[in-house]
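Pasting my_file-v2.cif here (mmCIF, C-alpha atoms):
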```cif
data_data
loop_
_atom_site.group_PDB
_atom_site.id
_atom_site.type_symbol
_atom_site.label_atom_id
_atom_site.label_comp_id
_atom_site.auth_asym_id
_atom_site.auth_seq_id
_atom_site.Cartn_x
_atom_site.Cartn_y
_atom_site.Cartn_z
ATOM 1 C CA MET A 1458 -18.351 -34.819 1.383
ATOM 2 C CA THR A 1459 -17.692 -32.476 -1.524
ATOM 3 C CA LEU A 1460 -14.265 -30.849 -1.421
ATOM 4 C CA TYR A 1461 -14.953 -28.326 -4.167
ATOM 5 C CA ASN A 1462 -18.113 -27.086 -5.821
ATOM 6 C CA ALA A 1463 -17.725 -26.975 -9.602
ATOM 7 C CA PRO A 1464 -18.207 -23.426 -11.012
ATOM 8 C CA ASN A 1465 -21.559 -22.626 -12.551
ATOM 9 C CA LEU A 1466 -21.090 -22.018 -16.283
ATOM 10 C CA THR A 1467 -24.742 -21.456 -17.183
ATOM 11 C CA THR A 1468 -24.361 -17.689 -16.817
ATOM 12 C CA GLY A 1469 -21.132 -17.538 -18.784
ATOM 13 C CA ILE A 1470 -17.450 -18.064 -18.237
ATOM 14 C CA ASP A 1471 -17.172 -14.785 -16.269
ATOM 15 C CA GLN A 1472 -18.971 -16.385 -13.324
ATOM 16 C CA ALA A 1473 -16.517 -19.292 -13.360
ATOM 17 C CA LEU A 1474 -13.649 -16.853 -12.933
ATOM 18 C CA VAL A 1475 -15.559 -14.983 -10.194
ATOM 19 C CA ASP A 1476 -16.256 -18.245 -8.364
ATOM 20 C CA VAL A 1477 -12.544 -19.120 -8.488
ATOM 21 C CA ALA A 1478 -11.638 -15.651 -7.193
ATOM 22 C CA ILE A 1479 -14.133 -16.002 -4.347
ATOM 23 C CA ALA A 1480 -12.951 -19.507 -3.470
ATOM 24 C CA VAL A 1481 -9.274 -18.460 -3.576
ATOM 25 C CA PRO A 1482 -9.031 -14.765 -2.551
ATOM 26 C CA SER A 1483 -5.340 -14.554 -3.459
ATOM 27 C CA PHE A 1484 -5.873 -15.849 -7.015
ATOM 28 C CA ILE A 1485 -6.176 -12.484 -8.772
ATOM 29 C CA PRO A 1486 -3.347 -10.780 -6.765
ATOM 30 C CA MET A 1487 -1.045 -13.738 -7.447
ATOM 31 C CA PHE A 1488 -1.989 -13.648 -11.135
ATOM 32 C CA LEU A 1489 -1.110 -9.951 -11.308
ATOM 33 C CA ILE A 1490 2.193 -10.557 -9.518
ATOM 34 C CA PHE A 1491 2.917 -13.340 -12.020
ATOM 35 C CA ILE A 1492 2.321 -10.953 -14.930
ATOM 36 C CA PHE A 1493 4.566 -8.347 -13.301
ATOM 37 C CA GLY A 1494 7.385 -10.804 -12.617
ATOM 38 C CA THR A 1495 7.243 -12.402 -16.074
ATOM 39 C CA ILE A 1496 7.498 -9.108 -17.926
ATOM 40 C CA LEU A 1497 10.135 -7.678 -15.574
ATOM 41 C CA ILE A 1498 12.446 -10.678 -15.447
ATOM 42 C CA GLY A 1499 11.845 -11.833 -19.020
ATOM 43 C CA GLY A 1500 12.357 -8.389 -20.491
ATOM 44 C CA ALA A 1501 15.471 -7.644 -18.437
ATOM 45 C CA ILE A 1502 17.099 -10.980 -19.281
ATOM 46 C CA SER A 1503 16.255 -10.555 -22.963
ATOM 47 C CA GLN A 1504 17.699 -7.047 -23.005
ATOM 48 C CA LYS A 1505 20.814 -8.216 -21.163
ATOM 49 C CA ALA A 1506 21.361 -10.973 -23.726
ATOM 50 C CA LYS A 1507 20.965 -8.630 -26.680
ATOM 51 C CA THR A 1508 22.629 -5.420 -25.498
ATOM 52 C CA GLY A 1509 24.706 -6.487 -22.493
ATOM 53 C CA PHE A 1510 22.805 -4.132 -20.171
ATOM 54 C CA ALA A 1511 19.535 -4.707 -18.290
ATOM 55 C CA ASP A 1512 17.509 -1.573 -17.535
ATOM 56 C CA PHE A 1513 15.486 -2.808 -14.555
ATOM 57 C CA SER A 1514 13.754 0.506 -13.881
ATOM 58 C CA GLN A 1515 12.451 0.570 -17.454
ATOM 59 C CA TRP A 1516 11.190 -3.001 -17.317
ATOM 60 C CA GLY A 1517 9.689 -2.404 -13.885
ATOM 61 C CA LEU A 1518 7.702 0.501 -15.304
ATOM 62 C CA ILE A 1519 6.589 -1.487 -18.358
ATOM 63 C CA ALA A 1520 5.581 -4.424 -16.171
ATOM 64 C CA SER A 1521 3.627 -2.277 -13.724
ATOM 65 C CA ILE A 1522 1.733 -0.496 -16.514
ATOM 66 C CA SER A 1523 0.941 -3.879 -18.080
ATOM 67 C CA VAL A 1524 -0.458 -5.069 -14.741
ATOM 68 C CA LEU A 1525 -2.605 -1.914 -14.571
ATOM 69 C CA MET A 1526 -3.932 -2.527 -18.092
ATOM 70 C CA ILE A 1527 -4.898 -6.075 -17.081
ATOM 71 C CA ALA A 1528 -6.368 -4.995 -13.731
ATOM 72 C CA LEU A 1529 -8.620 -2.294 -15.221
ATOM 73 C CA PRO A 1530 -10.956 -4.652 -17.148
ATOM 74 C CA LEU A 1531 -11.208 -6.763 -13.978
ATOM 75 C CA THR A 1532 -12.882 -3.785 -12.270
ATOM 76 C CA LEU A 1533 -15.882 -4.117 -14.592
ATOM 77 C CA VAL A 1534 -16.997 -7.416 -13.054
ATOM 78 C CA SER A 1535 -17.967 -7.623 -9.413
ATOM 79 C CA GLY A 1536 -15.906 -9.963 -7.265
ATOM 80 C CA LEU A 1537 -12.693 -10.175 -9.291
ATOM 81 C CA ILE A 1538 -10.595 -7.382 -7.805
ATOM 82 C CA SER A 1539 -11.123 -5.141 -4.806
ATOM 83 C CA LEU A 1540 -10.450 -1.410 -4.461
ATOM 84 C CA LYS A 1541 -7.560 -2.179 -2.111
ATOM 85 C CA TYR A 1542 -5.678 -4.185 -4.750
ATOM 86 C CA LEU A 1543 -6.468 -1.709 -7.517
ATOM 87 C CA SER A 1544 -5.050 1.066 -5.325
ATOM 88 C CA MET A 1545 -1.925 -1.007 -4.729
ATOM 89 C CA VAL A 1546 -1.512 -1.578 -8.483
ATOM 90 C CA VAL A 1547 -1.786 2.164 -9.214
ATOM 91 C CA ALA A 1548 0.603 2.989 -6.340
ATOM 92 C CA GLY A 1549 3.015 0.424 -7.780
ATOM 93 C CA VAL A 1550 2.899 2.144 -11.173
ATOM 94 C CA LEU A 1551 3.646 5.494 -9.516
ATOM 95 C CA ALA A 1552 6.546 3.957 -7.547
ATOM 96 C CA MET A 1553 8.031 2.427 -10.714
ATOM 97 C CA GLY A 1554 7.642 5.799 -12.418
ATOM 98 C CA VAL A 1555 9.581 7.522 -9.632
ATOM 99 C CA TRP A 1556 12.364 4.952 -9.963
ATOM 100 C CA PHE A 1557 12.398 5.207 -13.775
ATOM 101 C CA PHE A 1558 12.614 8.991 -14.030
ATOM 102 C CA PHE A 1559 15.307 9.264 -11.352
ATOM 103 C CA ASP A 1560 17.311 6.501 -13.028
ATOM 104 C CA ARG A 1561 17.742 8.214 -16.369
ATOM 105 C CA SER A 1562 21.269 9.186 -17.364
ATOM 106 C CA SER A 1563 22.176 12.718 -18.426
ATOM 107 C CA ARG A 1564 22.026 11.650 -22.090
ATOM 108 C CA GLU A 1565 18.414 10.508 -21.766
ATOM 109 C CA ILE A 1566 15.281 12.354 -20.630
ATOM 110 C CA MET B 1498 22.568 14.641 -9.758
ATOM 111 C CA GLY B 1499 22.566 17.834 -11.815
ATOM 112 C CA GLN B 1500 20.067 20.652 -11.492
ATOM 113 C CA ILE B 1501 18.436 20.152 -14.857
ATOM 114 C CA ARG B 1502 18.164 16.398 -14.407
ATOM 115 C CA TRP B 1503 16.736 16.832 -10.893
ATOM 116 C CA ILE B 1504 14.044 19.317 -11.951
ATOM 117 C CA VAL B 1505 13.169 17.390 -15.128
ATOM 118 C CA SER B 1506 12.879 14.146 -13.136
ATOM 119 C CA LEU B 1507 10.546 15.733 -10.587
ATOM 120 C CA SER B 1508 8.428 17.413 -13.266
ATOM 121 C CA LEU B 1509 8.054 14.222 -15.310
ATOM 122 C CA ILE B 1510 7.210 12.198 -12.203
ATOM 123 C CA VAL B 1511 4.418 14.658 -11.376
ATOM 124 C CA LEU B 1512 3.050 14.659 -14.937
ATOM 125 C CA PHE B 1513 3.301 10.869 -15.242
ATOM 126 C CA SER B 1514 1.522 10.356 -11.910
ATOM 127 C CA TYR B 1515 -1.270 12.707 -12.940
ATOM 128 C CA ALA B 1516 -1.663 10.864 -16.249
ATOM 129 C CA ILE B 1517 -1.897 7.438 -14.617
ATOM 130 C CA VAL B 1518 -4.283 8.494 -11.843
ATOM 131 C CA SER B 1519 -6.501 10.502 -14.219
ATOM 132 C CA TYR B 1520 -6.655 7.635 -16.714
ATOM 133 C CA THR B 1521 -7.596 5.102 -14.055
ATOM 134 C CA ILE B 1522 -10.242 7.342 -12.480
ATOM 135 C CA GLY B 1523 -11.597 8.198 -15.933
ATOM 136 C CA PHE B 1524 -11.777 4.531 -16.909
ATOM 137 C CA GLY B 1525 -13.913 3.756 -13.877
ATOM 138 C CA ALA B 1526 -16.211 6.704 -14.469
ATOM 139 C CA ASP B 1527 -16.653 6.149 -18.225
ATOM 140 C CA ASN B 1528 -17.377 2.439 -17.929
ATOM 141 C CA ASN B 1529 -19.424 2.548 -14.712
ATOM 142 C CA ALA B 1530 -16.932 0.155 -13.170
ATOM 143 C CA VAL B 1531 -17.889 -1.833 -10.102
ATOM 144 C CA VAL B 1532 -14.521 -0.920 -8.569
ATOM 145 C CA ASP B 1533 -13.841 2.785 -9.145
ATOM 146 C CA LEU B 1534 -10.564 4.410 -8.093
ATOM 147 C CA GLY B 1535 -12.433 7.718 -7.854
ATOM 148 C CA THR B 1536 -14.039 6.451 -4.638
ATOM 149 C CA ASN B 1537 -10.589 6.205 -3.044
ATOM 150 C CA THR B 1538 -10.122 9.502 -1.196
ATOM 151 C CA GLU B 1539 -6.314 9.198 -1.304
ATOM 152 C CA PHE B 1540 -6.123 9.152 -5.117
ATOM 153 C CA SER B 1541 -8.948 11.588 -5.775
ATOM 154 C CA THR B 1542 -7.248 14.054 -3.394
ATOM 155 C CA LEU B 1543 -3.895 13.428 -5.129
ATOM 156 C CA LYS B 1544 -5.438 14.208 -8.525
ATOM 157 C CA THR B 1545 -6.951 17.449 -7.236
ATOM 158 C CA ASP B 1546 -3.703 18.450 -5.494
ATOM 159 C CA ILE B 1547 -1.600 17.875 -8.629
ATOM 160 C CA GLU B 1548 -4.025 19.963 -10.688
ATOM 161 C CA SER B 1549 -3.777 22.915 -8.313
ATOM 162 C CA ASP B 1550 -0.021 22.483 -7.704
ATOM 163 C CA THR B 1551 0.684 22.478 -11.459
ATOM 164 C CA ILE B 1552 -1.054 25.855 -11.816
ATOM 165 C CA THR B 1553 0.924 27.175 -8.835
ATOM 166 C CA TYR B 1554 4.135 25.782 -10.377
ATOM 167 C CA LYS B 1555 3.394 27.574 -13.660
ATOM 168 C CA ASN B 1556 2.766 30.844 -11.858
ATOM 169 C CA THR B 1557 5.916 30.618 -9.712
ATOM 170 C CA VAL B 1558 8.059 29.770 -12.744
ATOM 171 C CA ASN B 1559 6.623 32.774 -14.619
ATOM 172 C CA TYR B 1560 7.273 34.960 -11.585
ATOM 173 C CA SER B 1561 10.809 33.621 -11.215
ATOM 174 C CA GLY B 1562 11.462 34.213 -14.898
ATOM 175 C CA LEU B 1563 10.309 37.818 -14.624
ATOM 176 C CA SER B 1564 12.441 38.325 -11.530
ATOM 177 C CA ILE B 1565 15.553 37.392 -13.509
ATOM 178 C CA PHE B 1566 15.019 40.397 -15.761
ATOM 179 C CA GLN B 1567 14.330 42.578 -12.748
ATOM 180 C CA SER B 1568 17.291 41.326 -10.714
ATOM 181 C CA GLU B 1569 20.380 43.259 -9.739
ATOM 182 C CA VAL B 1570 23.996 42.057 -9.923
ATOM 183 C CA LYS B 1571 26.918 43.943 -8.369
ATOM 184 C CA PRO B 1572 30.010 44.417 -10.567
ATOM 185 C CA THR B 1573 32.115 41.870 -8.671
ATOM 186 C CA ALA B 1574 29.308 39.435 -7.814
ATOM 187 C CA VAL B 1575 28.692 36.140 -9.613
ATOM 188 C CA THR B 1576 24.963 35.839 -8.912
ATOM 189 C CA THR B 1577 21.928 38.054 -8.459
ATOM 190 C CA GLU B 1578 21.251 40.040 -5.329
ATOM 191 C CA LYS B 1579 17.510 40.020 -5.736
ATOM 192 C CA GLY B 1580 15.153 37.670 -7.417
ATOM 193 C CA THR B 1581 13.357 34.445 -6.687
ATOM 194 C CA VAL B 1582 14.908 32.046 -9.162
ATOM 195 C CA ILE B 1583 14.783 29.125 -6.752
ATOM 196 C CA GLN B 1584 11.094 29.199 -5.789
ATOM 197 C CA ASP B 1585 10.033 26.791 -8.515
ATOM 198 C CA LEU B 1586 12.141 24.027 -6.926
ATOM 199 C CA LEU B 1587 10.082 24.151 -3.731
ATOM 200 C CA THR B 1588 6.774 24.030 -5.581
ATOM 201 C CA ILE B 1589 7.568 20.963 -7.627
ATOM 202 C CA PHE B 1590 9.211 19.235 -4.652
ATOM 203 C CA GLY B 1591 6.049 19.723 -2.576
ATOM 204 C CA THR B 1592 4.005 17.953 -5.247
ATOM 205 C CA PHE B 1593 6.569 15.153 -5.378
ATOM 206 C CA LYS B 1594 6.253 14.705 -1.591
ATOM 207 C CA THR B 1595 2.476 14.351 -1.980
ATOM 208 C CA ILE B 1596 2.960 11.569 -4.534
ATOM 209 C CA ILE B 1597 5.484 9.762 -2.318
ATOM 210 C CA ASN B 1598 3.096 9.967 0.649
ATOM 211 C CA THR B 1599 0.324 8.434 -1.472
ATOM 212 C CA ILE B 1600 2.621 5.575 -2.525
ATOM 213 C CA ASN B 1601 3.618 5.061 1.108
ATOM 214 C CA ASN B 1602 0.007 5.018 2.343
ATOM 215 C CA GLU B 1603 -1.370 2.715 -0.360
ATOM 216 C CA LEU B 1604 1.527 0.338 -0.889
ATOM 217 C CA LEU B 1605 3.592 0.249 2.279
ATOM 218 C CA GLY B 1606 1.083 0.675 5.074
ATOM 219 C CA GLY B 1607 1.443 4.388 5.713
ATOM 220 C CA LYS B 1608 3.246 6.041 8.589
ATOM 221 C CA GLY B 1609 2.585 3.127 10.903
ATOM 222 C CA GLY B 1610 4.035 0.627 8.442
ATOM 223 C CA GLY B 1611 7.477 -0.875 8.714
ATOM 224 C CA PHE B 1612 8.712 0.636 5.452
ATOM 225 C CA GLY B 1613 7.836 4.214 6.398
ATOM 226 C CA VAL B 1614 11.412 4.942 7.466
ATOM 227 C CA ILE B 1615 12.671 4.023 3.968
ATOM 228 C CA PHE B 1616 10.498 6.625 2.290
ATOM 229 C CA THR B 1617 11.349 9.158 4.976
ATOM 230 C CA GLY B 1618 15.032 8.639 4.221
ATOM 231 C CA PHE B 1619 14.423 8.805 0.466
ATOM 232 C CA ILE B 1620 12.514 12.090 0.656
ATOM 233 C CA THR B 1621 15.220 13.505 2.945
ATOM 234 C CA LEU B 1622 17.876 12.514 0.404
ATOM 235 C CA MET B 1623 15.979 14.244 -2.414
ATOM 236 C CA ALA B 1624 15.588 17.331 -0.209
ATOM 237 C CA VAL B 1625 19.347 17.389 0.522
ATOM 238 C CA ILE B 1626 20.115 17.203 -3.213
ATOM 239 C CA GLY B 1627 17.606 19.981 -3.843
ATOM 240 C CA PHE B 1628 19.173 22.198 -1.157
ATOM 241 C CA LEU B 1629 22.671 21.606 -2.565
ATOM 242 C CA VAL B 1630 21.469 22.402 -6.090
ATOM 243 C CA ALA B 1631 19.725 25.574 -4.897
ATOM 244 C CA TRP B 1632 22.746 26.681 -2.861
ATOM 245 C CA LYS B 1633 25.209 26.109 -5.694
ATOM 246 C CA THR B 1634 22.957 28.021 -8.069
ATOM 247 C CA TRP B 1635 22.537 30.884 -5.604
ATOM 248 C CA VAL B 1636 26.255 31.366 -4.962
ATOM 249 C CA GLY B 1637 27.035 31.180 -8.665
ATOM 250 C CA ARG B 1638 28.769 27.797 -8.799
ATOM 251 C CA ASN B 1639 28.058 25.076 -11.327
ATOM 252 C CA PRO B 1640 25.095 23.116 -9.944
ATOM 253 C CA ASP B 1641 25.826 20.128 -12.181
#
```
Whole structure given in structure tokens:
Amino acid sequence: MTLYNAPNLTTGIDQALVDVAIAVPSFIPMFLIFIFGTILIGGAISQKAKTGFADFSQWGLIASISVLMIALPLTLVSGLISLKYLSMVVAGVLAMGVWFFFDRSSREI
Amino acid sequence: MGQIRWIVSLSLIVLFSYAIVSYTIGFGADNNAVVDLGTNTEFSTLKTDIESDTITYKNTVNYSGLSIFQSEVKPTAVTTEKGTVIQDLLTIFGTFKTIINTINNELLGGKGGGFGVIFTGFITLMAVIGFLVAWKTWVGRNPD
């Protein structure tokens, strides 16, 4: 009994990624969450070490925009990302933007 | 939260949201993407609403600005008796509510979702701050 069918690479590496996404539906969403968490936590910790202050709203916005920039090319290939997850990514960027602009001090924007 | 900071925050949130949604919809249209955000009625409606609300906001601000020059102030009063200086706050706040509703529907499950009460409380808080800012401005006190 075969546990896993090896991806077909004759049509290119894109199909291998699509086959993985189809076999594991949460692969792309988890990958995007990984990107978001890495940039958010890594950036905040780095800023805290250098300046003594971590601006989480700023890093949340940067991380969410980075996730959007990675998600957009995924929309060009069928099967990688669905409209539901793309909508959630864009809504996440808007939510981070709301937090960022309300979090500015009177000396900033 | 001061008046200037409150209005600037709302205005920048609206402009930023329009930029992100327009860019994403434009990317899908220009590249004939398989997954196109323009097919999502929630975001395409949001884009259209922000476009029309921004024009309305510009017109109300112009009207409010003109009303300042046409306003009347009694000798012992500290603020104007006539005029519509506060209308632009309502316009921009209405657009902000539309954006928050979109975030709630797409990210948190909408009105039937468990997190709906959080956004309801948040919008209420912003409205309370807006009312306090408007009231302080209207009675001539320092809104900051």
| task | Around the point (0.2, 4.8, -14.2), in the coordinates given by the file, pick out the residues reaching within 12 Å, counting all atoms listed in the file, and return them as a PyMOL selection string. | result | (chain A and resi 1517-1526+1528-1529+1543-1555) or (chain B and resi 1510-1522+1540+1600)
Test item: residues at most 12 Å from Gly1499 of chain A, all atoms listed in the file, excluding those fewer than 4 positions along its chain, as a PDB file with C-alpha atoms, in the coordinates of the input:
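Okay, this is what ended up in out-v3.pdb:
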```
ATOM      1  CA  PHE A1491       2.917 -13.340 -12.020  1.00  0.00           C
ATOM      2  CA  ILE A1492       2.321 -10.953 -14.930  1.00  0.00           C
ATOM      3  CA  PHE A1493       4.566  -8.347 -13.301  1.00  0.00           C
ATOM      4  CA  GLY A1494       7.385 -10.804 -12.617  1.00  0.00           C
ATOM      5  CA  THR A1495       7.243 -12.402 -16.074  1.00  0.00           C
ATOM      6  CA  SER A1503      16.255 -10.555 -22.963  1.00  0.00           C
ATOM      7  CA  GLN A1504      17.699  -7.047 -23.005  1.00  0.00           C
ATOM      8  CA  LYS A1505      20.814  -8.216 -21.163  1.00  0.00           C
ATOM      9  CA  ALA A1506      21.361 -10.973 -23.726  1.00  0.00           C
ATOM     10  CA  ALA A1511      19.535  -4.707 -18.290  1.00  0.00           C
ATOM     11  CA  ASP A1512      17.509  -1.573 -17.535  1.00  0.00           C
ATOM     12  CA  PHE A1513      15.486  -2.808 -14.555  1.00  0.00           C
ATOM     13  CA  TRP A1516      11.190  -3.001 -17.317  1.00  0.00           C
ATOM     14  CA  GLY A1517       9.689  -2.404 -13.885  1.00  0.00           C
ATOM     15  CA  ILE A1519       6.589  -1.487 -18.358  1.00  0.00           C
ATOM     16  CA  ALA A1520       5.581  -4.424 -16.171  1.00  0.00           C
TER      17      ALA A1520
END
```
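Nearest residue to Gln1515 of chain A among A:Trp1556, A:Ile1502, A:Tyr1461, A:Leu1537 is A:Trp1556, counting all atoms listed in the file.
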| request: Could you list, as number ranges by chain, the residues of chain B having an atom within 8 Å of chain A when counting all atoms listed in the file? | output: B: 1502-1503, 1505-1507, 1509-1510, 1513-1514, 1517-1518, 1521, 1524-1525, 1528-1534, 1537, 1596-1597, 1599-1600, 1603-1604
| Distance query Asn1598 of chain B at most 9 Å, all atoms listed in the file, self and fewer than 5 positions along chain excluded, as a list in words | Phe1593, Glu1603, Gly1607, Lys1608 and Phe1616 of chain B
| query | Between atom CA of Ile1498 of chain A and atom CA of Pro1486 of chain A, what is the distance, to one decimal in Å? | reply |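 So the answer is 18.0 Å.
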| said: If I take atom CA of Phe1484 of chain A and atom CA of Asn1602 of chain B, how far is one from the other in Å, to one decimal? | reply: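 Taking atom CA of Phe1484 of chain A as the start and atom CA of Asn1602 of chain B as the end point, the length is 23.6 Å.
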